[in-house]
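**Student:** Take this structure first; my questions come after.
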Amino acid sequence: MTTLTRRQLLQGAAVAGAAGAAAVAVPSVAEAASARARQPGDVGLLYDSTLCIGCRACVTKCKSANNLPVDAMNINGVPYDAPDDLNATTKTVIQVAAQGDRFAFVKRQCMQCLDPACVSACMIKAYQKGPDGVIGYDQSRCLGDRYCQIACPFNVPKFQWSKAVPVMVKCEMCRHRKEGPACSEVCPRQAVVFGKVPDLLAEAKRRQAASPGKYLARIYGEHEVGGTQCLYLTAADVPFETLGLPKVDGTPQPHLSTSIQHGVYKGMIAPVALYAAIGLAVWRNTRKGDEEKKP
Ligand code: SF4
Ligand code: SF4
Ligand code: SF4
């Protein structure tokens, strides 16, 4: 199937009308909903909430490794980076979950779903699953329609609202770094470790077996939404829901995003309007910019 870049799509919408462009870009239902089994080469993260001390070294290192700015926050006039959730400048975050007089930490980032809803929701294939199962994002293709954000069961992709040409932001497992993920590299407690998913599952089970009664006898991500490549351990008395991880069953989510596409794109009316509007806005902004540059 032919795919287009964002530039080509916008040009197509503005100059020739969007219908042709949209018709080329929308994947078939079978393609959008295809399932995927775990592969031996899949890579991911294992996060162990019982070992995490909330130092946030992983958050800081993630920002520097991904060239992301600090969140604007001042404490006594000193800039301090303390995001409380994933956002357009934060690909991973440490949150605190309170339970009575106890608290626990939880790290959040893209779960790298085996059968990712973001991939099937993206009509122009800005998201693609790589050979190691990591979901990469190509901003040159992205239209900014945010269907990936709506489809994601973990509310992960974030939109750069403040940018003139916004793109989506999410963890791509530091695929640009030959050293691998920055967050696991700096964790002083091995609370987050990187590796092949079969090894991570074995390590999670090893930790559970080595400390009877310490852990909840479940690994979050082993089965949720059909399986994810980021896996979680928690203390026996701190359910995953208390950590803020959503209660989802083992059903892969792409069928939901496929439904969104089919509803929105029924008859191809919405894409025509959407791309025409985007094309018009881009054309007007470009013309305005050109006129402002004139002496
Ligand atoms: S967590 Fe969300 S963004 Fe990440 S792979 Fe799954 S559906 Fe996509
Ligand atoms: S793998 Fe990289 S981008 Fe993802 S959370 Fe860790 S440091 Fe951030
Ligand atoms: S670096 Fe490790 S211990 Fe520190 S907050 Fe991150 S996961 Fe927790």
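If you're wondering about the labels, chains in the structure tokens are A, B, ... by order shown, residues count from 1 in each chain, ligands from 1 in order shown.
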Using DSSP secondary structure from the backbone, list all alpha helix (DSSP H) positions within segment 189-252 of chain A, as an MDAnalysis selection string.
**Tutor:** chainID A and resid 197:210
**Student:** Kindly export the residues of the current selection with C-alpha atoms, as a PDB file, in the first residue's frame.
**Tutor:**
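Contents of out_19.pdb, freshly written:
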```pdb
ATOM      1  CA  VAL A 197      10.712  -9.898  26.851  1.00  0.00           C
ATOM      2  CA  PRO A 198      11.129 -13.661  27.478  1.00  0.00           C
ATOM      3  CA  ASP A 199      14.094 -12.831  29.756  1.00  0.00           C
ATOM      4  CA  LEU A 200      12.119 -10.078  31.506  1.00  0.00           C
ATOM      5  CA  LEU A 201       9.223 -12.455  32.157  1.00  0.00           C
ATOM      6  CA  ALA A 202      11.663 -15.023  33.552  1.00  0.00           C
ATOM      7  CA  GLU A 203      13.299 -12.378  35.754  1.00  0.00           C
ATOM      8  CA  ALA A 204       9.904 -11.228  37.060  1.00  0.00           C
ATOM      9  CA  LYS A 205       8.978 -14.805  37.957  1.00  0.00           C
ATOM     10  CA  ARG A 206      12.406 -15.350  39.528  1.00  0.00           C
ATOM     11  CA  ARG A 207      11.922 -12.306  41.781  1.00  0.00           C
ATOM     12  CA  GLN A 208       8.439 -13.477  42.764  1.00  0.00           C
ATOM     13  CA  ALA A 209       9.712 -16.981  43.590  1.00  0.00           C
ATOM     14  CA  ALA A 210      12.737 -15.697  45.509  1.00  0.00           C
TER      15      ALA A 210
END
```
**Student:** Can you pull out every residue with an atom within 8 Å of ligand 2? Use only C-alpha atoms and all ligand atoms and format it as a ChimeraX atom specification.
**Tutor:** /A:45,58-59,61-63,65-66,91-93,108-110,170-175,180-184
**Student:** Do a neighbour search on segment 211-226 of chain A at 7 Å with only C-alpha atoms, toss out local chain neighbours closer than 3 positions, and write the hits as a list of chain:residue names.
**Tutor:** A:Leu114, A:Asp115, A:Arg207, A:Gln208, A:Gln229, A:Cys230, A:Leu231, A:Tyr232, A:Leu233, A:Thr234, A:Ala235, A:Ala236, A:Val248, A:Asp249, A:Gly250, A:Thr251, A:Pro252, A:Gln253
**Student:** Residues as selected, all heavy atoms, written as a compact mmCIF listing (two decimals), in the first residue's frame, can you do that?
**Tutor:**
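So selection_27.txt came out as:
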```txt
# COMPACT_ATOMS: atom_id res chain seq x y z
N LEU A 114 1.75 -5.47 22.35
CA LEU A 114 1.96 -6.49 21.32
C LEU A 114 1.08 -6.21 20.11
O LEU A 114 1.49 -6.39 18.97
CB LEU A 114 1.57 -7.86 21.88
CG LEU A 114 2.66 -8.73 22.45
CD1 LEU A 114 2.06 -10.05 22.89
CD2 LEU A 114 3.76 -8.95 21.45
N ASP A 115 -0.14 -5.81 20.39
CA ASP A 115 -1.12 -5.55 19.34
C ASP A 115 -1.61 -4.11 19.54
O ASP A 115 -2.65 -3.88 20.13
CB ASP A 115 -2.27 -6.55 19.48
CG ASP A 115 -3.00 -6.75 18.17
OD1 ASP A 115 -2.71 -6.02 17.22
OD2 ASP A 115 -3.87 -7.63 18.13
N ARG A 207 12.04 -13.19 40.62
CA ARG A 207 11.92 -12.31 41.78
C ARG A 207 10.73 -12.71 42.65
O ARG A 207 10.82 -12.71 43.88
CB ARG A 207 11.76 -10.85 41.33
CG ARG A 207 13.02 -10.26 40.72
CD ARG A 207 12.86 -8.76 40.41
NE ARG A 207 13.99 -8.27 39.62
CZ ARG A 207 14.20 -6.99 39.33
NH1 ARG A 207 13.36 -6.07 39.75
NH2 ARG A 207 15.24 -6.63 38.61
N GLN A 208 9.63 -13.07 41.99
CA GLN A 208 8.44 -13.48 42.76
C GLN A 208 8.74 -14.75 43.57
O GLN A 208 8.38 -14.85 44.74
CB GLN A 208 7.25 -13.71 41.83
CG GLN A 208 6.65 -12.43 41.27
CD GLN A 208 5.58 -12.69 40.22
OE1 GLN A 208 5.67 -13.66 39.47
NE2 GLN A 208 4.59 -11.82 40.14
N GLN A 229 4.96 -5.19 26.08
CA GLN A 229 6.39 -5.50 26.20
C GLN A 229 7.01 -4.80 27.41
O GLN A 229 8.14 -5.08 27.76
CB GLN A 229 7.11 -5.14 24.90
CG GLN A 229 6.70 -6.09 23.79
CD GLN A 229 7.22 -5.76 22.43
OE1 GLN A 229 6.54 -6.00 21.45
NE2 GLN A 229 8.43 -5.22 22.32
N CYS A 230 6.26 -3.89 28.04
CA CYS A 230 6.67 -3.33 29.32
C CYS A 230 5.86 -4.03 30.39
O CYS A 230 4.63 -4.15 30.28
CB CYS A 230 6.46 -1.82 29.35
SG CYS A 230 7.63 -0.97 28.27
N LEU A 231 6.55 -4.55 31.40
CA LEU A 231 5.95 -5.42 32.40
C LEU A 231 6.12 -4.80 33.79
O LEU A 231 7.10 -4.08 34.03
CB LEU A 231 6.61 -6.80 32.36
CG LEU A 231 6.65 -7.47 30.97
CD1 LEU A 231 7.62 -8.64 30.97
CD2 LEU A 231 5.25 -7.93 30.57
N TYR A 232 5.19 -5.11 34.68
CA TYR A 232 5.21 -4.51 36.01
C TYR A 232 5.07 -5.56 37.11
O TYR A 232 4.29 -6.50 36.99
CB TYR A 232 4.04 -3.52 36.16
CG TYR A 232 4.23 -2.21 35.44
CD1 TYR A 232 4.14 -2.15 34.05
CD2 TYR A 232 4.49 -1.04 36.13
CE1 TYR A 232 4.33 -0.95 33.37
CE2 TYR A 232 4.67 0.16 35.47
CZ TYR A 232 4.58 0.20 34.09
OH TYR A 232 4.76 1.39 33.43
N LEU A 233 5.84 -5.32 38.19
CA LEU A 233 5.66 -6.07 39.44
C LEU A 233 5.22 -5.09 40.52
O LEU A 233 5.65 -3.93 40.53
CB LEU A 233 6.99 -6.71 39.87
CG LEU A 233 7.50 -7.91 39.07
CD1 LEU A 233 8.89 -8.31 39.56
CD2 LEU A 233 6.54 -9.08 39.16
N THR A 234 4.40 -5.56 41.44
CA THR A 234 3.98 -4.71 42.55
C THR A 234 3.96 -5.52 43.84
O THR A 234 3.99 -6.76 43.81
CB THR A 234 2.59 -4.10 42.28
OG1 THR A 234 2.30 -3.14 43.30
CG2 THR A 234 1.50 -5.14 42.26
N ALA A 235 3.90 -4.80 44.96
CA ALA A 235 3.87 -5.47 46.26
C ALA A 235 2.56 -6.23 46.44
O ALA A 235 1.53 -5.87 45.85
CB ALA A 235 4.03 -4.42 47.37
N ALA A 236 2.60 -7.25 47.28
CA ALA A 236 1.44 -8.13 47.47
C ALA A 236 0.20 -7.36 47.91
O ALA A 236 -0.92 -7.72 47.55
CB ALA A 236 1.78 -9.20 48.50
N VAL A 248 -7.73 -3.57 32.63
CA VAL A 248 -8.10 -3.96 31.26
C VAL A 248 -8.04 -5.48 31.18
O VAL A 248 -7.29 -6.12 31.92
CB VAL A 248 -7.15 -3.33 30.20
CG1 VAL A 248 -7.42 -1.85 30.04
CG2 VAL A 248 -5.69 -3.58 30.56
N ASP A 249 -8.81 -6.05 30.29
CA ASP A 249 -8.76 -7.51 30.15
C ASP A 249 -7.72 -7.88 29.09
O ASP A 249 -6.91 -7.07 28.66
CB ASP A 249 -10.15 -8.08 29.85
CG ASP A 249 -10.71 -7.58 28.53
OD1 ASP A 249 -9.92 -7.11 27.69
OD2 ASP A 249 -11.93 -7.66 28.35
N GLY A 250 -7.75 -9.13 28.68
CA GLY A 250 -6.73 -9.61 27.74
C GLY A 250 -7.05 -9.36 26.28
O GLY A 250 -6.35 -9.87 25.40
N THR A 251 -8.09 -8.59 26.03
CA THR A 251 -8.49 -8.37 24.64
C THR A 251 -7.63 -7.28 24.01
O THR A 251 -7.56 -6.17 24.54
CB THR A 251 -9.96 -7.90 24.58
OG1 THR A 251 -10.74 -8.76 25.39
CG2 THR A 251 -10.46 -7.90 23.15
N PRO A 252 -6.99 -7.57 22.89
CA PRO A 252 -6.25 -6.50 22.20
C PRO A 252 -7.20 -5.36 21.82
O PRO A 252 -8.38 -5.61 21.55
CB PRO A 252 -5.68 -7.19 20.96
CG PRO A 252 -5.68 -8.65 21.29
CD PRO A 252 -6.86 -8.86 22.20
N GLN A 253 -6.71 -4.14 21.82
CA GLN A 253 -7.57 -2.97 21.63
C GLN A 253 -7.74 -2.49 20.19
O GLN A 253 -8.54 -1.60 19.94
CB GLN A 253 -7.01 -1.80 22.46
CG GLN A 253 -6.91 -2.12 23.94
CD GLN A 253 -8.24 -2.15 24.65
OE1 GLN A 253 -9.00 -1.20 24.57
NE2 GLN A 253 -8.55 -3.25 25.31
```
**Student:** Collect all residues with atoms no farther than 7 Å from ligand 3, counting only C-alpha atoms and all ligand atoms, and output them as a VMD selection string.
**Tutor:** chain A and resid 47 51 to 59 94 107 183 186 to 192
**Student:** Export all heavy atoms of the chosen residues as a short mmCIF file (atom, residue, chain, number, x, y, z; two decimals), in the first residue's frame?
**Tutor:**
```cif
data_model
loop_
_atom_site.label_atom_id
_atom_site.label_comp_id
_atom_site.auth_asym_id
_atom_site.auth_seq_id
_atom_site.Cartn_x
_atom_site.Cartn_y
_atom_site.Cartn_z
N TYR A 47 9.53 -3.15 35.19
CA TYR A 47 9.54 -2.17 36.28
C TYR A 47 9.04 -2.85 37.55
O TYR A 47 7.96 -3.45 37.56
CB TYR A 47 8.65 -0.97 35.93
CG TYR A 47 8.50 -0.02 37.09
CD1 TYR A 47 9.54 0.84 37.46
CD2 TYR A 47 7.33 0.01 37.85
CE1 TYR A 47 9.41 1.70 38.55
CE2 TYR A 47 7.18 0.87 38.93
CZ TYR A 47 8.23 1.71 39.27
OH TYR A 47 8.10 2.55 40.34
N LEU A 51 11.03 -2.02 44.32
CA LEU A 51 12.43 -1.60 44.41
C LEU A 51 12.62 -0.10 44.16
O LEU A 51 13.65 0.47 44.50
CB LEU A 51 13.29 -2.38 43.39
CG LEU A 51 13.38 -3.89 43.60
CD1 LEU A 51 14.29 -4.51 42.53
CD2 LEU A 51 13.92 -4.20 44.99
N CYS A 52 11.62 0.52 43.55
CA CYS A 52 11.75 1.93 43.17
C CYS A 52 11.72 2.83 44.40
O CYS A 52 10.85 2.69 45.26
CB CYS A 52 10.62 2.30 42.22
SG CYS A 52 10.67 4.02 41.68
N ILE A 53 12.67 3.77 44.45
CA ILE A 53 12.72 4.71 45.58
C ILE A 53 12.26 6.11 45.16
O ILE A 53 12.39 7.06 45.92
CB ILE A 53 14.15 4.78 46.18
CG1 ILE A 53 15.17 5.09 45.08
CG2 ILE A 53 14.48 3.50 46.91
CD1 ILE A 53 16.59 5.35 45.57
N GLY A 54 11.77 6.24 43.94
CA GLY A 54 11.24 7.53 43.50
C GLY A 54 12.28 8.61 43.31
O GLY A 54 11.95 9.80 43.38
N CYS A 55 13.51 8.23 43.00
CA CYS A 55 14.58 9.24 42.86
C CYS A 55 14.44 10.04 41.56
O CYS A 55 15.00 11.11 41.43
CB CYS A 55 15.95 8.57 42.91
SG CYS A 55 16.29 7.50 41.51
N ARG A 56 13.74 9.52 40.60
CA ARG A 56 13.45 10.17 39.32
C ARG A 56 14.69 10.37 38.45
O ARG A 56 14.70 11.18 37.54
CB ARG A 56 12.74 11.50 39.54
CG ARG A 56 11.38 11.35 40.25
CD ARG A 56 10.70 12.67 40.54
NE ARG A 56 10.54 13.46 39.35
CZ ARG A 56 11.31 14.49 39.03
NH1 ARG A 56 12.32 14.85 39.79
NH2 ARG A 56 11.08 15.16 37.94
N ALA A 57 15.73 9.62 38.73
CA ALA A 57 16.91 9.67 37.85
C ALA A 57 16.51 9.23 36.44
O ALA A 57 17.01 9.76 35.44
CB ALA A 57 18.00 8.76 38.40
N CYS A 58 15.58 8.27 36.36
CA CYS A 58 15.13 7.78 35.06
C CYS A 58 14.43 8.88 34.26
O CYS A 58 14.62 8.99 33.05
CB CYS A 58 14.19 6.60 35.25
SG CYS A 58 12.86 6.92 36.43
N VAL A 59 13.64 9.70 34.94
CA VAL A 59 12.91 10.78 34.27
C VAL A 59 13.88 11.82 33.73
O VAL A 59 13.78 12.25 32.57
CB VAL A 59 11.90 11.43 35.25
CG1 VAL A 59 11.15 12.56 34.57
CG2 VAL A 59 10.94 10.40 35.81
N ILE A 94 7.51 9.40 37.02
CA ILE A 94 7.32 8.61 38.25
C ILE A 94 6.18 9.23 39.03
O ILE A 94 6.21 10.43 39.34
CB ILE A 94 8.61 8.61 39.11
CG1 ILE A 94 9.75 7.87 38.40
CG2 ILE A 94 8.35 7.97 40.48
CD1 ILE A 94 9.58 6.36 38.28
N LYS A 107 6.25 3.89 37.60
CA LYS A 107 6.84 4.53 36.42
C LYS A 107 5.88 4.34 35.25
O LYS A 107 5.36 3.25 35.05
CB LYS A 107 8.20 3.88 36.10
CG LYS A 107 8.92 4.49 34.91
CD LYS A 107 10.27 3.79 34.70
CE LYS A 107 11.09 4.41 33.59
NZ LYS A 107 10.51 4.26 32.26
N CYS A 183 16.61 5.25 30.67
CA CYS A 183 16.01 5.17 32.01
C CYS A 183 16.57 3.97 32.79
O CYS A 183 16.91 4.09 33.98
CB CYS A 183 14.50 5.11 31.92
SG CYS A 183 13.85 3.81 30.84
N VAL A 186 20.33 4.27 34.14
CA VAL A 186 20.71 5.06 35.32
C VAL A 186 20.03 4.60 36.61
O VAL A 186 20.35 5.12 37.68
CB VAL A 186 20.40 6.56 35.12
CG1 VAL A 186 21.28 7.14 34.03
CG2 VAL A 186 18.94 6.79 34.84
N CYS A 187 19.09 3.68 36.52
CA CYS A 187 18.37 3.30 37.74
C CYS A 187 19.33 2.66 38.76
O CYS A 187 19.95 1.64 38.46
CB CYS A 187 17.23 2.33 37.41
SG CYS A 187 16.31 1.85 38.89
N PRO A 188 19.43 3.24 39.94
CA PRO A 188 20.39 2.72 40.92
C PRO A 188 19.91 1.46 41.64
O PRO A 188 20.65 0.87 42.43
CB PRO A 188 20.51 3.88 41.92
CG PRO A 188 19.20 4.58 41.86
CD PRO A 188 18.69 4.41 40.45
N ARG A 189 18.65 1.05 41.38
CA ARG A 189 18.06 -0.04 42.16
C ARG A 189 17.64 -1.23 41.30
O ARG A 189 17.01 -2.15 41.81
CB ARG A 189 16.82 0.50 42.89
CG ARG A 189 17.13 1.62 43.86
CD ARG A 189 17.34 1.13 45.24
NE ARG A 189 16.13 0.47 45.73
CZ ARG A 189 16.10 -0.33 46.79
NH1 ARG A 189 17.20 -0.57 47.46
NH2 ARG A 189 14.97 -0.89 47.18
N GLN A 190 17.92 -1.15 40.00
CA GLN A 190 17.41 -2.17 39.09
C GLN A 190 15.89 -2.28 39.19
O GLN A 190 15.30 -3.35 39.00
CB GLN A 190 18.06 -3.52 39.35
CG GLN A 190 19.54 -3.53 39.02
CD GLN A 190 19.93 -4.78 38.27
OE1 GLN A 190 19.69 -5.88 38.72
NE2 GLN A 190 20.55 -4.61 37.12
N ALA A 191 15.26 -1.14 39.50
CA ALA A 191 13.80 -1.12 39.53
C ALA A 191 13.25 -1.11 38.12
O ALA A 191 12.11 -1.53 37.89
CB ALA A 191 13.31 0.10 40.30
N VAL A 192 14.04 -0.60 37.18
CA VAL A 192 13.64 -0.70 35.78
C VAL A 192 14.81 -1.31 35.01
O VAL A 192 15.93 -0.82 35.08
CB VAL A 192 13.19 0.67 35.20
CG1 VAL A 192 14.23 1.75 35.37
CG2 VAL A 192 12.80 0.54 33.74
#
```
**Student:** Which residue out of A:Val238, A:Leu243, A:Ala164, A:Cys113 has the minimum interatomic distance to Gly130 of chain A when only C-alpha atoms are used?
**Tutor:**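 Between A:Val238, A:Leu243, A:Ala164, A:Cys113, the residue approaching Gly130 of chain A most closely is A:Cys113.
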**Student:** Ligand 1: which residues are within 7 Å, counting only C-alpha atoms and all ligand atoms, as a list in words?
**Tutor:**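 My answer, listing the contacting residues, is Cys110, Met111, Gln112, Cys113, Pro116, Ala117, Cys118, Val119, Ile135, Cys148, Ala151, Cys152, Pro153, Phe154, Asn155, Val156, Pro157 and Lys170 of chain A.
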**Student:** Find the residue from A:Pro166, A:Gly144, A:Phe240, A:Ser120 that sits nearest to Ala88 of chain A; use only C-alpha atoms when measuring.
**Tutor:**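 Selected residue with least distance to Ala88 of chain A: A:Pro166.
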**Student:** Can you list, as JSON, numbers by chain, every protein, DNA or RNA residue that comes within 6 Å of Tyr127 of chain A when you count only C-alpha atoms, leaving out same-chain residues fewer than 2 positions away?
**Tutor:** {"A": [119, 125, 136, 137]}
**Student:** Find the residue from A:Asn87, A:Lys163, A:Gly44, A:Lys129 that sits nearest to Gln149 of chain A; use only C-alpha atoms when measuring.
**Tutor:**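 Smallest separation from Gln149 of chain A among the options: A:Asn87.
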**Student:** When DSSP is applied to the backbone of this structure, which of segment 77-185 of chain A are assigned strand (DSSP E or B)? Write them out as a ChimeraX atom specification.
**Tutor:** /A:78-79,87,90,93-99,102-108,113,127-129,135-137,158-159,168-169
**Student:** Which residue gives the smallest distance to Ser64 of chain A among A:Arg177, A:Gln128, A:Trp161, A:Asp138, with only C-alpha atoms counted?
**Tutor:** A:Arg177
**Student:** For a quick check of understanding, using only C-alpha atoms, which of A:Lys178, A:Ser49, A:Arg38, A:Gly227 has the smallest distance to Ala97 of chain A?
**Tutor:**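 Closest to Ala97 of chain A, using only C-alpha atoms: A:Ser49.
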